[in-house]
$ cat my_file_17.cif   # mmCIF, C-alpha atoms
data_my_file
loop_
_atom_site.label_atom_id
_atom_site.label_comp_id
_atom_site.auth_asym_id
_atom_site.auth_seq_id
_atom_site.Cartn_x
_atom_site.Cartn_y
_atom_site.Cartn_z
CA MET A 10 -8.19 28.52 85.52
CA GLN A 11 -7.38 31.74 87.37
CA ILE A 12 -11.10 32.37 87.83
CA LEU A 13 -11.57 28.90 89.34
CA VAL A 14 -8.73 29.57 91.82
CA GLU A 15 -10.25 32.93 92.76
CA TRP A 16 -13.69 31.35 93.24
CA THR A 17 -12.18 28.57 95.34
CA ASN A 18 -10.38 31.11 97.55
CA TRP A 19 -13.52 33.22 97.87
CA LEU A 20 -15.66 30.20 98.74
CA GLY A 21 -12.97 29.01 101.16
CA GLU A 22 -13.45 32.23 103.08
CA LEU A 23 -17.14 31.36 103.29
CA LYS A 24 -16.25 27.98 104.86
CA VAL A 25 -17.52 26.01 101.85
CA ARG A 26 -15.66 22.80 101.18
CA VAL A 27 -13.56 22.80 98.01
CA LYS A 28 -14.66 19.25 97.27
CA SER A 29 -18.31 20.38 97.14
CA VAL A 30 -17.47 23.28 94.85
CA CYS A 31 -15.56 20.98 92.49
CA MET A 32 -18.44 18.51 92.44
CA ILE A 33 -20.98 21.23 91.61
CA GLY A 34 -18.66 22.59 88.90
CA ALA A 35 -18.18 19.14 87.38
CA VAL A 36 -21.94 18.52 87.29
CA GLY A 37 -22.49 21.93 85.67
CA ILE A 38 -19.84 21.27 83.03
CA ALA A 39 -21.32 17.82 82.33
CA LEU A 40 -24.87 19.16 81.92
CA PHE A 41 -23.97 22.24 79.85
CA PRO A 42 -23.77 20.41 76.47
CA LEU A 43 -27.16 18.81 77.10
CA ALA A 44 -28.76 22.12 77.98
CA SER A 45 -27.23 23.93 75.00
CA ARG A 46 -28.28 21.14 72.61
CA ALA A 47 -31.84 21.23 73.97
CA GLY A 48 -31.95 24.98 73.33
CA LEU A 49 -30.57 24.45 69.84
CA GLU A 50 -33.14 21.74 69.08
CA ASN A 51 -36.01 23.96 70.16
CA LYS A 52 -34.64 26.88 68.17
CA SER A 53 -33.76 25.25 64.86
CA CYS A 54 -35.92 22.15 64.55
CA GLY A 55 -39.21 23.49 65.79
CA ARG A 56 -39.42 26.27 63.24
CA LEU A 57 -38.88 26.14 59.50
CA VAL A 58 -38.72 29.64 58.09
CA GLY A 59 -36.89 31.45 55.33
CA MET A 60 -34.33 30.30 52.79
CA TYR A 61 -31.87 27.42 53.21
CA GLN A 62 -28.98 26.32 51.00
CA VAL A 63 -27.88 22.70 50.79
CA THR A 64 -24.23 22.73 51.85
CA ALA A 65 -23.60 18.98 51.93
CA SER A 66 -25.64 15.97 50.88
CA ASN A 67 -25.30 12.28 50.13
CA ASP A 68 -29.06 12.04 49.52
CA PRO A 69 -30.04 11.34 45.89
CA ALA A 70 -32.94 13.78 46.31
CA PHE A 71 -30.42 16.63 46.63
CA SER A 72 -27.44 15.34 44.67
CA LEU A 73 -24.63 17.88 44.60
CA LYS A 74 -22.46 18.37 41.54
CA ALA A 75 -19.64 20.81 40.95
CA ASP A 76 -21.82 23.22 38.97
CA SER A 77 -25.07 22.97 40.94
CA GLU A 78 -26.63 24.45 44.07
CA TRP A 79 -29.86 23.53 45.87
CA PHE A 80 -32.04 25.99 47.78
CA LEU A 81 -35.23 25.47 49.80
CA ASP A 82 -37.43 28.47 50.53
CA PHE A 83 -40.04 27.92 53.24
CA GLY A 84 -41.12 31.58 53.15
CA LYS A 85 -42.88 32.45 56.40
CA GLY A 86 -42.72 28.77 57.26
CA SER A 87 -44.07 27.34 60.45
CA SER A 88 -44.64 30.64 62.24
CA ALA A 89 -47.73 31.01 64.42
CA GLY A 90 -48.03 27.27 65.02
CA LYS A 91 -48.54 26.45 61.33
CA SER A 92 -47.14 23.00 60.54
CA SER A 93 -47.60 22.86 56.76
CA GLY A 94 -47.26 25.03 53.72
CA SER A 95 -45.45 25.35 50.42
CA VAL A 96 -41.73 25.24 49.73
CA ALA A 97 -39.89 26.39 46.63
CA ILE A 98 -37.11 23.93 45.83
CA SER A 99 -34.56 25.46 43.45
CA LEU A 100 -31.76 23.75 41.57
CA ARG A 101 -29.35 26.32 40.22
CA GLN A 102 -27.05 25.05 37.47
CA ASN A 103 -25.55 28.22 36.06
CA PRO A 104 -27.01 29.80 34.03
CA ASN A 105 -30.21 27.76 34.47
CA VAL A 106 -32.50 27.63 37.48
CA LYS A 107 -35.25 25.04 37.92
CA VAL A 108 -37.85 25.68 40.60
CA ARG A 109 -40.49 23.28 41.91
CA ILE A 110 -43.22 24.40 44.27
CA MET A 111 -44.05 21.56 46.64
CA ALA A 112 -46.02 21.08 49.83
CA TRP A 113 -44.41 20.39 53.20
CA GLU A 114 -45.71 19.21 56.55
CA TYR A 115 -43.82 19.15 59.83
CA PHE A 116 -44.71 16.65 62.57
CA PRO A 117 -43.25 18.07 65.81
CA GLN A 118 -43.75 14.95 67.98
CA GLN A 119 -41.70 12.83 65.55
CA ARG A 120 -39.50 15.79 64.49
CA SER A 121 -40.07 14.75 60.90
CA LEU A 122 -40.60 16.73 57.73
CA THR A 123 -42.42 15.41 54.68
CA ILE A 124 -42.16 17.17 51.32
CA GLY A 125 -44.18 16.19 48.27
CA ASN A 126 -46.51 17.14 45.47
CA PRO A 127 -49.99 17.93 46.77
CA PHE A 128 -51.39 16.00 43.81
CA TYR A 129 -50.12 13.91 40.93
CA GLU A 130 -51.14 14.80 37.39
CA GLY A 131 -54.28 12.85 36.55
CA SER A 132 -54.79 11.73 40.15
CA LYS A 133 -56.27 13.09 43.36
CA SER A 134 -53.58 11.49 45.53
CA ALA A 135 -50.60 13.29 47.05
CA VAL A 136 -47.13 12.01 46.15
CA ALA A 137 -44.32 12.21 48.70
CA PHE A 138 -40.94 13.46 47.49
CA GLY A 139 -39.34 12.40 50.77
CA SER A 140 -39.67 12.24 54.54
CA TRP A 141 -36.78 13.22 56.82
CA GLN A 142 -35.94 13.49 60.51
CA LEU A 143 -34.89 17.03 61.47
CA LEU A 144 -31.71 17.32 63.50
CA PRO A 145 -30.29 20.54 64.93
CA ALA A 146 -27.22 22.22 63.48
CA SER A 147 -25.47 25.40 64.57
CA ASP A 148 -26.28 27.29 61.37
CA GLY A 149 -29.41 25.53 60.12
CA ILE A 150 -30.78 21.99 60.15
CA VAL A 151 -29.84 18.51 59.01
CA LEU A 152 -32.34 16.33 57.14
CA GLU A 153 -31.79 12.62 57.73
CA ARG A 154 -33.53 9.63 56.19
CA GLY A 155 -31.95 6.22 56.56
CA ALA A 156 -28.24 6.49 55.78
CA TYR A 157 -28.70 9.77 53.88
CA GLN A 158 -28.04 13.22 55.33
CA THR A 159 -28.52 16.69 53.89
CA SER A 160 -27.13 19.78 55.64
CA LEU A 161 -29.13 22.96 55.20
CA HIS A 162 -27.54 26.32 56.00
CA MET A 163 -29.98 29.13 56.78
CA LEU A 164 -29.38 32.13 54.52
CA GLY A 165 -29.77 35.71 55.65
CA GLU A 166 -31.75 38.41 53.88
CA GLY A 167 -30.46 39.24 50.40
CA THR A 168 -27.88 36.43 50.15
CA TYR A 169 -29.69 34.42 47.47
#

$ encode --input "my_file_17.cif" --output "structure tokens"
Amino acid sequence: MQILVEWTNWLGELKVRVKSVCMIGAVGIALFPLASRAGLENKSCGRLVGMYQVTASNDPAFSLKADSEWFLDFGKGSSAGKSSGSVAISLRQNPNVKVRIMAWEYFPQQRSLTIGNPFYEGSKSAVAFGSWQLLPASDGIVLERGAYQTSLHMLGEGTY
């Protein structure tokens, strides 16, 4: 607040109307969340890379139990404009770990991610595991399909 008063006094010396300064400040404050969200969307939703841990989920595909943890490893992910690849999906139920290697494809225009088996045993057809909308989050991404949501927290090096 002190800074606003100092700015107002300084601008008053420049013969700028206080009403104009307040209006510009209000517009800036109103647009800031939109600008920061747009930056967050471009940063987190446009690029799948590295290891993520499921921190919350009501999706049956990633059902959380007291003794289980889900991890998704996109490896180098969508770097260099690549929009598909393989993902290791791990379910850790101490002391056991089950890992499935699946294919993923990201559709940037729809901001959707599809994960599935590239083929089904005895068939030449691909089988989808699920398709989700990607939403930005401060520490990762949120996968949403219908009423289901799964929060993915991006893990740093050596935390898995």

$ resolve_selection --input "my_file_17.cif" --expression "the PyMOL selection byres ((chain A and resi 120-124) around 10)" --output "PyMOL selection string"
chain A and resi 50+54-55+57+92-96+111-119+125-127+136-144+152-154

$ write_last_selection --input "my_file_17.cif" --atoms "C-alpha atoms" --output "mmCIF file, keeping the file's coordinate frame"
data_model
loop_
_atom_site.group_PDB
_atom_site.id
_atom_site.type_symbol
_atom_site.label_atom_id
_atom_site.label_comp_id
_atom_site.auth_asym_id
_atom_site.auth_seq_id
_atom_site.Cartn_x
_atom_site.Cartn_y
_atom_site.Cartn_z
ATOM 1 C CA GLU A 50 -33.140 21.740 69.080
ATOM 2 C CA CYS A 54 -35.920 22.150 64.550
ATOM 3 C CA GLY A 55 -39.210 23.490 65.790
ATOM 4 C CA LEU A 57 -38.880 26.140 59.500
ATOM 5 C CA SER A 92 -47.140 23.000 60.540
ATOM 6 C CA SER A 93 -47.600 22.860 56.760
ATOM 7 C CA GLY A 94 -47.260 25.030 53.720
ATOM 8 C CA SER A 95 -45.450 25.350 50.420
ATOM 9 C CA VAL A 96 -41.730 25.240 49.730
ATOM 10 C CA MET A 111 -44.050 21.560 46.640
ATOM 11 C CA ALA A 112 -46.020 21.080 49.830
ATOM 12 C CA TRP A 113 -44.410 20.390 53.200
ATOM 13 C CA GLU A 114 -45.710 19.210 56.550
ATOM 14 C CA TYR A 115 -43.820 19.150 59.830
ATOM 15 C CA PHE A 116 -44.710 16.650 62.570
ATOM 16 C CA PRO A 117 -43.250 18.070 65.810
ATOM 17 C CA GLN A 118 -43.750 14.950 67.980
ATOM 18 C CA GLN A 119 -41.700 12.830 65.550
ATOM 19 C CA GLY A 125 -44.180 16.190 48.270
ATOM 20 C CA ASN A 126 -46.510 17.140 45.470
ATOM 21 C CA PRO A 127 -49.990 17.930 46.770
ATOM 22 C CA VAL A 136 -47.130 12.010 46.150
ATOM 23 C CA ALA A 137 -44.320 12.210 48.700
ATOM 24 C CA PHE A 138 -40.940 13.460 47.490
ATOM 25 C CA GLY A 139 -39.340 12.400 50.770
ATOM 26 C CA SER A 140 -39.670 12.240 54.540
ATOM 27 C CA TRP A 141 -36.780 13.220 56.820
ATOM 28 C CA GLN A 142 -35.940 13.490 60.510
ATOM 29 C CA LEU A 143 -34.890 17.030 61.470
ATOM 30 C CA LEU A 144 -31.710 17.320 63.500
ATOM 31 C CA LEU A 152 -32.340 16.330 57.140
ATOM 32 C CA GLU A 153 -31.790 12.620 57.730
ATOM 33 C CA ARG A 154 -33.530 9.630 56.190
#

$ atom_distance --input "my_file_17.cif" --atom1 "CA of Ser160 in chain A" --atom2 "CA of Asn103 in chain A"
21.4 Å

$ atom_distance --input "my_file_17.cif" --atom1 "CA of Gln102 in chain A" --atom2 "CA of Ile150 in chain A"
23.2 Å

$ residues_near_point --input "my_file_17.cif" --point "(-40.4, 34.6, 57.6)" --cutoff "6 Å" --atoms "all atoms listed in the file" --output "ChimeraX atom specification"
/A:58-59,84-85

$ write_last_selection --input "my_file_17.cif" --atoms "C-alpha atoms" --output "tab-separated table (two decimals), in the frame of the given file"
chain	number	residue	atom	x	y	z
A	58	VAL	CA	-38.72	29.64	58.09
A	59	GLY	CA	-36.89	31.45	55.33
A	84	GLY	CA	-41.12	31.58	53.15
A	85	LYS	CA	-42.88	32.45	56.40

$ residues_near_point --input "my_file_17.cif" --point "(-28.7, 23.2, 48.1)" --cutoff "12 Å" --atoms "only C-alpha atoms" --output "VMD selection string"
chain A and resid 60 to 68 70 to 82 97 to 102 151 to 152 159 to 164 169

$ write_last_selection --input "my_file_17.cif" --atoms "C-alpha atoms" --output "CSV table (one decimal), keeping the file's coordinate frame"
chain,number,residue,atom,x,y,z
A,60,MET,CA,-34.3,30.3,52.8
A,61,TYR,CA,-31.9,27.4,53.2
A,62,GLN,CA,-29.0,26.3,51.0
A,63,VAL,CA,-27.9,22.7,50.8
A,64,THR,CA,-24.2,22.7,51.8
A,65,ALA,CA,-23.6,19.0,51.9
A,66,SER,CA,-25.6,16.0,50.9
A,67,ASN,CA,-25.3,12.3,50.1
A,68,ASP,CA,-29.1,12.0,49.5
A,70,ALA,CA,-32.9,13.8,46.3
A,71,PHE,CA,-30.4,16.6,46.6
A,72,SER,CA,-27.4,15.3,44.7
A,73,LEU,CA,-24.6,17.9,44.6
A,74,LYS,CA,-22.5,18.4,41.5
A,75,ALA,CA,-19.6,20.8,41.0
A,76,ASP,CA,-21.8,23.2,39.0
A,77,SER,CA,-25.1,23.0,40.9
A,78,GLU,CA,-26.6,24.4,44.1
A,79,TRP,CA,-29.9,23.5,45.9
A,80,PHE,CA,-32.0,26.0,47.8
A,81,LEU,CA,-35.2,25.5,49.8
A,82,ASP,CA,-37.4,28.5,50.5
A,97,ALA,CA,-39.9,26.4,46.6
A,98,ILE,CA,-37.1,23.9,45.8
A,99,SER,CA,-34.6,25.5,43.4
A,100,LEU,CA,-31.8,23.8,41.6
A,101,ARG,CA,-29.4,26.3,40.2
A,102,GLN,CA,-27.0,25.0,37.5
A,151,VAL,CA,-29.8,18.5,59.0
A,152,LEU,CA,-32.3,16.3,57.1
A,159,THR,CA,-28.5,16.7,53.9
A,160,SER,CA,-27.1,19.8,55.6
A,161,LEU,CA,-29.1,23.0,55.2
A,162,HIS,CA,-27.5,26.3,56.0
A,163,MET,CA,-30.0,29.1,56.8
A,164,LEU,CA,-29.4,32.1,54.5
A,169,TYR,CA,-29.7,34.4,47.5

$ atom_distance --input "my_file_17.cif" --atom1 "CA of Pro69 in chain A" --atom2 "CA of Asn105 in chain A"
20.0 Å

$ decode --input "my_file_17.cif" --residues "range 94-124 of chain A" --atoms "N, CA and C atoms" --output "short mmCIF file (atom, residue, chain, number, x, y, z; two decimals), in the first residue's frame"
data_model
loop_
_atom_site.label_atom_id
_atom_site.label_comp_id
_atom_site.auth_asym_id
_atom_site.auth_seq_id
_atom_site.Cartn_x
_atom_site.Cartn_y
_atom_site.Cartn_z
N GLY A 94 4.93 -41.10 -28.06
CA GLY A 94 6.05 -41.87 -27.56
C GLY A 94 5.58 -42.97 -26.64
N SER A 95 6.48 -43.41 -25.76
CA SER A 95 6.10 -44.46 -24.82
C SER A 95 6.15 -43.90 -23.41
N VAL A 96 5.31 -44.47 -22.55
CA VAL A 96 5.24 -44.06 -21.15
C VAL A 96 5.26 -45.31 -20.31
N ALA A 97 6.05 -45.27 -19.25
CA ALA A 97 6.08 -46.37 -18.29
C ALA A 97 5.13 -46.01 -17.16
N ILE A 98 4.10 -46.81 -16.97
CA ILE A 98 3.12 -46.58 -15.92
C ILE A 98 3.40 -47.60 -14.82
N SER A 99 3.77 -47.10 -13.64
CA SER A 99 4.16 -47.96 -12.53
C SER A 99 3.14 -47.87 -11.40
N LEU A 100 2.78 -49.02 -10.87
CA LEU A 100 1.96 -49.11 -9.67
C LEU A 100 2.84 -49.74 -8.61
N ARG A 101 3.16 -48.96 -7.60
CA ARG A 101 4.02 -49.46 -6.52
C ARG A 101 3.14 -49.76 -5.31
N GLN A 102 3.06 -51.05 -4.99
CA GLN A 102 2.38 -51.54 -3.78
C GLN A 102 3.45 -52.28 -3.01
N ASN A 103 4.05 -51.58 -2.05
CA ASN A 103 5.22 -52.14 -1.35
C ASN A 103 4.95 -53.55 -0.86
N PRO A 104 5.84 -54.46 -1.14
CA PRO A 104 7.14 -54.33 -1.80
C PRO A 104 7.09 -54.56 -3.30
N ASN A 105 5.93 -54.71 -3.89
CA ASN A 105 5.81 -55.04 -5.32
C ASN A 105 5.66 -53.80 -6.19
N VAL A 106 6.22 -53.90 -7.39
CA VAL A 106 6.06 -52.84 -8.39
C VAL A 106 5.65 -53.50 -9.70
N LYS A 107 4.54 -52.99 -10.27
CA LYS A 107 4.10 -53.47 -11.58
C LYS A 107 4.27 -52.32 -12.56
N VAL A 108 4.92 -52.62 -13.69
CA VAL A 108 5.18 -51.59 -14.70
C VAL A 108 4.58 -52.03 -16.02
N ARG A 109 3.86 -51.12 -16.66
CA ARG A 109 3.35 -51.35 -18.02
C ARG A 109 3.93 -50.28 -18.92
N ILE A 110 4.44 -50.71 -20.06
CA ILE A 110 4.93 -49.77 -21.06
C ILE A 110 3.79 -49.59 -22.06
N MET A 111 3.36 -48.34 -22.20
CA MET A 111 2.25 -48.03 -23.09
C MET A 111 2.65 -46.91 -24.03
N ALA A 112 1.84 -46.69 -25.04
CA ALA A 112 2.07 -45.60 -25.99
C ALA A 112 1.22 -44.41 -25.58
N TRP A 113 1.71 -43.21 -25.88
CA TRP A 113 0.94 -42.00 -25.63
C TRP A 113 0.99 -41.11 -26.86
N GLU A 114 -0.04 -40.31 -27.03
CA GLU A 114 -0.07 -39.30 -28.09
C GLU A 114 -0.76 -38.07 -27.55
N TYR A 115 -0.12 -36.92 -27.78
CA TYR A 115 -0.65 -35.64 -27.32
C TYR A 115 -1.17 -34.86 -28.52
N PHE A 116 -2.38 -34.33 -28.41
CA PHE A 116 -3.00 -33.53 -29.46
C PHE A 116 -3.08 -32.08 -28.96
N PRO A 117 -2.13 -31.22 -29.37
CA PRO A 117 -2.04 -29.88 -28.80
C PRO A 117 -3.27 -29.01 -29.06
N GLN A 118 -3.90 -29.12 -30.23
CA GLN A 118 -5.06 -28.27 -30.52
C GLN A 118 -6.21 -28.56 -29.55
N GLN A 119 -6.41 -29.82 -29.21
CA GLN A 119 -7.48 -30.20 -28.28
C GLN A 119 -6.99 -30.26 -26.84
N ARG A 120 -5.66 -30.13 -26.64
CA ARG A 120 -5.02 -30.28 -25.33
C ARG A 120 -5.45 -31.60 -24.70
N SER A 121 -5.39 -32.66 -25.49
CA SER A 121 -5.78 -33.97 -24.98
C SER A 121 -4.63 -34.97 -25.12
N LEU A 122 -4.63 -35.91 -24.20
CA LEU A 122 -3.61 -36.95 -24.14
C LEU A 122 -4.32 -38.29 -24.19
N THR A 123 -3.87 -39.16 -25.09
CA THR A 123 -4.40 -40.51 -25.17
C THR A 123 -3.28 -41.48 -24.85
N ILE A 124 -3.57 -42.42 -23.96
CA ILE A 124 -2.62 -43.46 -23.58
C ILE A 124 -3.27 -44.80 -23.89
#
